[in-house]
$ cat target.cif   # mmCIF, C-alpha atoms and all ligand atoms
data_run
#
loop_
_atom_site.group_PDB
_atom_site.id
_atom_site.type_symbol
_atom_site.label_atom_id
_atom_site.label_comp_id
_atom_site.auth_asym_id
_atom_site.auth_seq_id
_atom_site.Cartn_x
_atom_site.Cartn_y
_atom_site.Cartn_z
ATOM 1 C CA MET M 1 -9.268 6.995 18.011
ATOM 2 C CA LYS M 2 -9.133 7.881 14.337
ATOM 3 C CA TYR M 3 -11.261 5.543 12.223
ATOM 4 C CA VAL M 4 -10.585 5.258 8.506
ATOM 5 C CA ARG M 5 -12.079 3.416 5.585
ATOM 6 C CA PHE M 6 -9.527 2.533 2.933
ATOM 7 C CA TYR M 7 -9.025 0.681 -0.291
ATOM 8 C CA THR M 8 -6.170 -1.698 -0.903
ATOM 9 C CA ASN M 9 -5.683 -5.105 -2.585
ATOM 10 C CA ASN M 10 -8.971 -4.634 -4.453
ATOM 11 C CA GLU M 11 -11.046 -4.427 -1.311
ATOM 12 C CA VAL M 12 -12.535 -1.909 1.050
ATOM 13 C CA ASN M 13 -11.239 -2.170 4.603
ATOM 14 C CA TYR M 14 -11.834 -0.441 7.902
ATOM 15 C CA GLY M 15 -9.086 0.512 10.295
ATOM 16 C CA VAL M 16 -7.657 2.711 12.994
ATOM 17 C CA LEU M 17 -5.082 5.295 12.003
ATOM 18 C CA GLU M 18 -2.077 5.315 14.339
ATOM 19 C CA GLY M 19 0.471 7.861 13.136
ATOM 20 C CA GLU M 20 1.379 6.833 9.586
ATOM 21 C CA LYS M 21 0.108 3.260 10.045
ATOM 22 C CA ILE M 22 -3.349 1.770 9.801
ATOM 23 C CA ALA M 23 -4.366 -1.188 11.962
ATOM 24 C CA LYS M 24 -7.028 -3.156 10.103
ATOM 25 C CA LEU M 25 -10.268 -3.905 11.923
ATOM 26 C CA GLU M 26 -12.312 -7.080 11.786
ATOM 27 C CA GLY M 27 -15.380 -5.345 10.447
ATOM 28 C CA ASP M 28 -17.103 -2.049 10.017
ATOM 29 C CA PHE M 29 -16.636 0.303 12.992
ATOM 30 C CA ILE M 30 -20.130 1.596 12.318
ATOM 31 C CA GLU M 31 -21.452 -1.796 13.461
ATOM 32 C CA GLU M 32 -19.100 -1.712 16.452
ATOM 33 C CA LYS M 33 -16.880 -4.563 15.248
ATOM 34 C CA THR M 34 -13.727 -2.813 16.278
ATOM 35 C CA LYS M 35 -11.388 -5.724 16.957
ATOM 36 C CA LYS M 36 -7.974 -5.341 15.339
ATOM 37 C CA VAL M 37 -6.962 -8.285 13.187
ATOM 38 C CA GLY M 38 -3.229 -7.705 13.479
ATOM 39 C CA GLU M 39 -2.686 -6.624 9.890
ATOM 40 C CA ILE M 40 -0.908 -3.243 9.523
ATOM 41 C CA PHE M 41 -0.798 -1.022 6.427
ATOM 42 C CA ASN M 42 1.234 2.077 5.663
ATOM 43 C CA LEU M 43 -1.022 5.079 5.186
ATOM 44 C CA SER M 44 1.028 6.006 2.111
ATOM 45 C CA ASP M 45 0.285 2.621 0.471
ATOM 46 C CA VAL M 46 -3.515 2.797 0.583
ATOM 47 C CA LYS M 47 -6.274 4.957 -0.872
ATOM 48 C CA LEU M 48 -8.343 6.597 1.859
ATOM 49 C CA LEU M 49 -12.096 6.583 1.182
ATOM 50 C CA SER M 50 -14.766 8.726 2.805
ATOM 51 C CA PRO M 51 -14.674 7.343 6.361
ATOM 52 C CA VAL M 52 -18.398 6.724 6.287
ATOM 53 C CA GLU M 53 -21.116 5.967 3.743
ATOM 54 C CA PRO M 54 -24.139 7.677 5.300
ATOM 55 C CA ARG M 55 -27.669 6.579 4.442
ATOM 56 C CA GLN M 56 -28.865 10.076 5.319
ATOM 57 C CA ILE M 57 -27.115 13.438 5.323
ATOM 58 C CA ILE M 58 -28.922 16.169 7.198
ATOM 59 C CA ALA M 59 -27.451 19.600 6.654
ATOM 60 C CA ILE M 60 -28.039 22.764 8.661
ATOM 61 C CA GLY M 61 -28.208 26.165 6.990
ATOM 62 C CA LEU M 62 -27.295 29.575 8.419
ATOM 63 C CA ASN M 63 -25.921 28.285 11.701
ATOM 64 C CA TYR M 64 -23.176 30.918 12.137
ATOM 65 C CA ALA M 65 -24.304 34.541 12.562
ATOM 66 C CA LEU M 66 -21.610 36.027 10.320
ATOM 67 C CA HIS M 67 -22.402 33.584 7.515
ATOM 68 C CA ALA M 68 -26.132 34.404 7.740
ATOM 69 C CA LYS M 69 -25.157 38.075 7.471
ATOM 70 C CA GLU M 70 -22.953 37.542 4.409
ATOM 71 C CA SER M 71 -25.830 35.563 2.830
ATOM 72 C CA GLY M 72 -28.217 38.449 3.549
ATOM 73 C CA LYS M 73 -30.493 36.216 5.634
ATOM 74 C CA PRO M 74 -31.805 36.571 9.189
ATOM 75 C CA THR M 75 -30.531 33.957 11.636
ATOM 76 C CA PRO M 76 -33.215 31.300 12.095
ATOM 77 C CA ASP M 77 -34.793 30.809 15.550
ATOM 78 C CA GLU M 78 -34.695 27.069 15.057
ATOM 79 C CA PRO M 79 -32.125 25.028 13.111
ATOM 80 C CA MET M 80 -32.893 25.285 9.391
ATOM 81 C CA MET M 81 -32.467 21.727 8.131
ATOM 82 C CA PHE M 82 -32.435 20.157 4.716
ATOM 83 C CA MET M 83 -31.357 16.877 3.201
ATOM 84 C CA VAL M 84 -28.759 16.136 0.579
ATOM 85 C CA SER M 85 -28.116 12.946 -1.326
ATOM 86 C CA PRO M 86 -25.546 10.506 0.113
ATOM 87 C CA SER M 87 -24.551 9.764 -3.498
ATOM 88 C CA ALA M 88 -22.662 13.084 -3.456
ATOM 89 C CA VAL M 89 -20.088 11.817 -0.935
ATOM 90 C CA ILE M 90 -16.404 11.589 -1.850
ATOM 91 C CA GLY M 91 -13.283 11.175 0.281
ATOM 92 C CA GLU M 92 -9.807 12.491 0.876
ATOM 93 C CA GLU M 93 -7.980 13.498 -2.312
ATOM 94 C CA ASP M 94 -10.954 12.786 -4.561
ATOM 95 C CA SER M 95 -11.810 15.582 -7.004
ATOM 96 C CA ILE M 96 -14.773 17.917 -6.731
ATOM 97 C CA LYS M 97 -16.278 18.103 -10.242
ATOM 98 C CA LEU M 98 -18.044 21.311 -11.194
ATOM 99 C CA PRO M 99 -21.027 20.327 -13.356
ATOM 100 C CA ASN M 100 -21.663 23.801 -14.717
ATOM 101 C CA LEU M 101 -18.811 26.269 -15.147
ATOM 102 C CA GLU M 102 -21.251 29.159 -15.696
ATOM 103 C CA HIS M 103 -22.601 28.772 -12.170
ATOM 104 C CA ARG M 104 -21.086 30.038 -8.961
ATOM 105 C CA ILE M 105 -20.260 26.921 -6.952
ATOM 106 C CA ASP M 106 -18.997 27.503 -3.405
ATOM 107 C CA TYR M 107 -17.056 25.586 -0.768
ATOM 108 C CA GLU M 108 -18.517 25.446 2.762
ATOM 109 C CA ALA M 109 -16.314 24.052 5.559
ATOM 110 C CA GLU M 110 -18.382 22.286 8.220
ATOM 111 C CA LEU M 111 -17.977 20.107 11.267
ATOM 112 C CA ALA M 112 -19.650 16.802 10.368
ATOM 113 C CA VAL M 113 -21.225 14.717 13.133
ATOM 114 C CA VAL M 114 -21.252 10.943 12.549
ATOM 115 C CA ILE M 115 -24.032 9.156 14.403
ATOM 116 C CA GLY M 116 -23.078 5.963 16.260
ATOM 117 C CA LYS M 117 -26.396 4.421 17.235
ATOM 118 C CA LYS M 118 -30.068 4.571 16.311
ATOM 119 C CA ALA M 119 -31.377 7.936 17.473
ATOM 120 C CA THR M 120 -35.021 8.984 17.870
ATOM 121 C CA ASN M 121 -36.296 11.803 20.083
ATOM 122 C CA VAL M 122 -32.915 12.281 21.714
ATOM 123 C CA LYS M 123 -32.706 15.000 24.340
ATOM 124 C CA LYS M 124 -29.858 17.512 24.355
ATOM 125 C CA GLU M 125 -28.467 16.149 27.604
ATOM 126 C CA GLU M 126 -27.929 12.678 26.112
ATOM 127 C CA ALA M 127 -27.152 13.785 22.572
ATOM 128 C CA LEU M 128 -23.388 13.281 22.573
ATOM 129 C CA SER M 129 -23.732 9.645 23.626
ATOM 130 C CA TYR M 130 -25.319 9.021 20.183
ATOM 131 C CA VAL M 131 -22.242 10.319 18.370
ATOM 132 C CA LEU M 132 -19.621 7.949 16.999
ATOM 133 C CA GLY M 133 -17.249 10.791 16.161
ATOM 134 C CA TYR M 134 -16.589 13.777 13.957
ATOM 135 C CA THR M 135 -15.110 14.422 10.556
ATOM 136 C CA CYS M 136 -14.557 17.311 8.157
ATOM 137 C CA GLY M 137 -17.335 18.026 5.667
ATOM 138 C CA ASN M 138 -17.377 20.363 2.697
ATOM 139 C CA ASP M 139 -20.955 21.278 1.757
ATOM 140 C CA VAL M 140 -20.262 22.243 -1.869
ATOM 141 C CA SER M 141 -23.183 24.317 -3.164
ATOM 142 C CA ASP M 142 -24.367 25.589 -6.536
ATOM 143 C CA ARG M 143 -25.581 29.103 -5.621
ATOM 144 C CA VAL M 144 -27.468 29.623 -8.859
ATOM 145 C CA LEU M 145 -29.609 26.526 -8.370
ATOM 146 C CA GLN M 146 -30.009 27.228 -4.671
ATOM 147 C CA LYS M 147 -31.542 30.601 -5.459
ATOM 148 C CA LYS M 148 -33.546 29.412 -8.451
ATOM 149 C CA ASP M 149 -35.057 26.351 -6.745
ATOM 150 C CA GLY M 150 -35.841 27.985 -3.393
ATOM 151 C CA GLN M 151 -34.699 24.752 -1.726
ATOM 152 C CA PHE M 152 -31.359 23.024 -1.713
ATOM 153 C CA THR M 153 -31.616 19.426 -2.887
ATOM 154 C CA ARG M 154 -30.424 19.972 -6.445
ATOM 155 C CA ALA M 155 -27.887 22.668 -5.555
ATOM 156 C CA LYS M 156 -26.086 20.461 -3.057
ATOM 157 C CA SER M 157 -26.469 16.884 -4.286
ATOM 158 C CA TYR M 158 -24.372 16.622 -7.458
ATOM 159 C CA PRO M 159 -21.842 13.778 -7.469
ATOM 160 C CA THR M 160 -18.662 14.843 -5.582
ATOM 161 C CA PHE M 161 -20.406 17.757 -3.781
ATOM 162 C CA LYS M 162 -19.971 16.264 -0.299
ATOM 163 C CA PRO M 163 -16.310 15.573 0.533
ATOM 164 C CA LEU M 164 -16.001 13.877 3.964
ATOM 165 C CA GLY M 165 -12.864 12.808 5.817
ATOM 166 C CA PRO M 166 -10.080 12.020 6.200
ATOM 167 C CA VAL M 167 -10.900 10.245 9.503
ATOM 168 C CA ILE M 168 -13.664 9.927 12.080
ATOM 169 C CA GLU M 169 -12.187 11.227 15.321
ATOM 170 C CA THR M 170 -13.903 9.691 18.341
ATOM 171 C CA GLU M 171 -12.088 11.698 20.999
ATOM 172 C CA ILE M 172 -13.506 15.182 20.609
ATOM 173 C CA TYR M 173 -15.223 15.763 23.916
ATOM 174 C CA ASP M 174 -16.490 19.287 23.265
ATOM 175 C CA PRO M 175 -17.579 19.592 19.629
ATOM 176 C CA ASN M 176 -18.748 23.131 20.365
ATOM 177 C CA ASN M 177 -15.214 24.396 20.786
ATOM 178 C CA VAL M 178 -13.038 23.303 17.881
ATOM 179 C CA GLU M 179 -11.347 25.472 15.299
ATOM 180 C CA ILE M 180 -12.506 25.157 11.711
ATOM 181 C CA LYS M 181 -10.554 26.440 8.750
ATOM 182 C CA LEU M 182 -10.614 26.223 4.979
ATOM 183 C CA SER M 183 -8.080 27.402 2.446
ATOM 184 C CA VAL M 184 -8.067 27.510 -1.339
ATOM 185 C CA ASN M 185 -4.659 27.281 -3.024
ATOM 186 C CA GLY M 186 -3.018 27.937 0.338
ATOM 187 C CA GLU M 187 -4.989 31.105 1.073
ATOM 188 C CA VAL M 188 -7.182 30.972 4.190
ATOM 189 C CA LYS M 189 -10.806 31.760 3.293
ATOM 190 C CA GLN M 190 -12.749 30.551 6.323
ATOM 191 C CA HIS M 191 -11.477 30.512 9.887
ATOM 192 C CA SER M 192 -13.788 30.175 12.841
ATOM 193 C CA ASN M 193 -14.595 28.044 15.844
ATOM 194 C CA THR M 194 -17.668 25.922 16.510
ATOM 195 C CA ASN M 195 -18.203 28.003 19.660
ATOM 196 C CA ASP M 196 -19.794 30.427 17.183
ATOM 197 C CA LEU M 197 -22.509 27.924 16.216
ATOM 198 C CA ILE M 198 -25.961 29.445 16.768
ATOM 199 C CA HIS M 199 -27.460 26.011 17.520
ATOM 200 C CA ASN M 200 -24.835 23.734 19.048
ATOM 201 C CA VAL M 201 -24.269 20.065 18.251
ATOM 202 C CA GLN M 202 -26.499 18.810 21.072
ATOM 203 C CA SER M 203 -29.380 21.069 19.971
ATOM 204 C CA LEU M 204 -29.018 19.942 16.374
ATOM 205 C CA ILE M 205 -29.213 16.268 17.357
ATOM 206 C CA GLU M 206 -32.308 16.989 19.467
ATOM 207 C CA THR M 207 -34.051 18.906 16.682
ATOM 208 C CA VAL M 208 -33.181 16.482 13.897
ATOM 209 C CA THR M 209 -34.180 13.372 15.875
ATOM 210 C CA GLU M 210 -37.529 14.944 16.764
ATOM 211 C CA VAL M 211 -38.525 14.576 13.126
ATOM 212 C CA MET M 212 -36.543 11.619 11.870
ATOM 213 C CA THR M 213 -34.700 8.556 13.074
ATOM 214 C CA LEU M 214 -30.977 8.598 12.531
ATOM 215 C CA GLN M 215 -29.052 5.379 11.998
ATOM 216 C CA PRO M 216 -25.409 4.544 12.652
ATOM 217 C CA GLY M 217 -23.289 6.214 9.996
ATOM 218 C CA ASP M 218 -25.733 9.023 9.265
ATOM 219 C CA VAL M 219 -24.176 12.473 9.119
ATOM 220 C CA ILE M 220 -25.259 15.911 10.312
ATOM 221 C CA LEU M 221 -23.458 18.812 8.628
ATOM 222 C CA THR M 222 -23.555 21.569 11.228
ATOM 223 C CA GLY M 223 -23.369 24.659 9.011
ATOM 224 C CA THR M 224 -20.582 26.810 7.659
ATOM 225 C CA PRO M 225 -18.896 29.935 9.045
ATOM 226 C CA SER M 226 -18.433 33.141 7.048
ATOM 227 C CA GLY M 227 -15.988 33.432 4.181
ATOM 228 C CA VAL M 228 -17.699 31.229 1.591
ATOM 229 C CA GLY M 229 -16.581 31.716 -1.987
ATOM 230 C CA ALA M 230 -16.483 30.254 -5.470
ATOM 231 C CA LEU M 231 -14.445 27.308 -6.718
ATOM 232 C CA LYS M 232 -12.865 26.963 -10.148
ATOM 233 C CA PRO M 233 -11.138 24.110 -11.942
ATOM 234 C CA GLY M 234 -7.541 23.697 -10.772
ATOM 235 C CA ASP M 235 -8.241 24.878 -7.209
ATOM 236 C CA GLU M 236 -6.810 22.906 -4.303
ATOM 237 C CA VAL M 237 -9.107 22.989 -1.276
ATOM 238 C CA GLU M 238 -7.896 22.090 2.205
ATOM 239 C CA MET M 239 -10.213 22.106 5.170
ATOM 240 C CA GLU M 240 -9.198 21.428 8.696
ATOM 241 C CA VAL M 241 -11.041 20.824 11.929
ATOM 242 C CA GLU M 242 -8.999 20.920 15.117
ATOM 243 C CA GLY M 243 -8.307 17.410 16.370
ATOM 244 C CA ILE M 244 -9.490 15.690 13.185
ATOM 245 C CA GLY M 245 -7.010 16.586 10.469
ATOM 246 C CA THR M 246 -7.024 18.013 6.969
ATOM 247 C CA LEU M 247 -9.351 17.053 4.131
ATOM 248 C CA LYS M 248 -7.816 17.794 0.737
ATOM 249 C CA ASN M 249 -9.671 17.887 -2.555
ATOM 250 C CA SER M 250 -8.795 19.300 -5.938
ATOM 251 C CA VAL M 251 -11.382 20.871 -8.228
ATOM 252 C CA ILE M 252 -11.972 19.815 -11.841
ATOM 253 C CA GLY M 253 -14.302 21.120 -14.520
HETATM 254 MG MG MG M 301 -23.790 24.237 4.422
#
$ encode --input "target.cif" --output "structure tokens"
Amino acid sequence: MKYVRFYTNNEVNYGVLEGEKIAKLEGDFIEEKTKKVGEIFNLSDVKLLSPVEPRQIIAIGLNYALHAKESGKPTPDEPMMFMVSPSAVIGEEDSIKLPNLEHRIDYEAELAVVIGKKATNVKKEEALSYVLGYTCGNDVSDRVLQKKDGQFTRAKSYPTFKPLGPVIETEIYDPNNVEIKLSVNGEVKQHSNTNDLIHNVQSLIETVTEVMTLQPGDVILTGTPSGVGALKPGDEVEMEVEGIGTLKNSVIG
């Protein structure tokens, strides 16, 4: 199933995407009210929003060996986690705004895990049963501030720095074997597979929920593969995760 959140007739709605049509749902799929109400919308007639509004976003750094190498960092023994502000989230076809044109600001294509139920001290073996589904996430990062601050909150939390979408796909049964790709202006910059993750999705859920409780709708960004690079105003970014779809965002200054 592909869950979407969308805006039409001056209200925010939740639905299931079926081809080019959206079947409206009774309530918020995050709260498991997934009954269809019978109303159908054309995808082309609505504005898609980020499919989820997380209360927490936990991001993982250096979780692909080749990306750690290009960053000049050793691969961490344990998942290197940090938090970014949910106020940075935008959706499909929203613009990424660069706050400082002097700074190098990079795209980072990532598989985003959307949590489906309250999760504390979850073991690897049960981890996937806590997942609602998966979406595309772009962990936009100001490299100058990242280096200067020595931690990532400011570098990664500006408004528009966390595009998510376009859908939450619930039927990915092995999240550790999906292709991930990002292109800028049609040129492929990142192309990998989550089978290259150093710490897989189950391990990340175990490690994160050892230290904090995750709630339905919270998001784990699983790390980016190699090929990161700078964005500039006018760029068109498209990121794709196999089975989910393509998340498109333009860049403005
Ligand atoms: Mg990242």
$ resolve_selection --input "target.cif" --expression "the PyMOL selection byres (((not hetatm)) within 8 of (chain M and resi 301))" --output "list of chain:residue names"
M:Ala59, M:Ile60, M:Gly61, M:Leu62, M:Glu108, M:Ala109, M:Glu110, M:Asn138, M:Asp139, M:Val140, M:Ser141, M:Leu221, M:Thr222, M:Gly223, M:Thr224
$ atom_distance --input "target.cif" --atom1 "CA of Gly243 in chain M" --atom2 "CA of Val201 in chain M"
16.3 Å
$ closest_residue --input "target.cif" --among "M:Leu182, M:Val52, M:Val16, M:Leu132" --to "Gly165 in chain M" --atoms "all atoms listed in the file"
M:Val52
$ atom_distance --input "target.cif" --atom1 "CA of Tyr173 in chain M" --atom2 "CA of Val211 in chain M"
25.7 Å
$ residues_around --input "target.cif" --residues "Asp94 in chain M" --least-positions-apart "4" --cutoff "12 Å" --atoms "all atoms listed in the file" --output "ChimeraX atom specification"
/M:47-50,88-90,159-166,236-238,247-252
$ resolve_selection --input "target.cif" --expression "the PyMOL selection byres (((chain M and resi 22-33) around 8) and not hetatm)" --output "ChimeraX atom specification"
/M:3,13-21,34-43,116,132,216-217
$ residues_near_point --input "target.cif" --point "(-33.7, 28.3, 3.8)" --cutoff "9 Å" --atoms "all atoms listed in the file" --output "list in words"
Gly61, Leu62, Lys73, Pro76, Met80, Met81, Phe82, Gly150, Gln151 and Phe152 of chain M
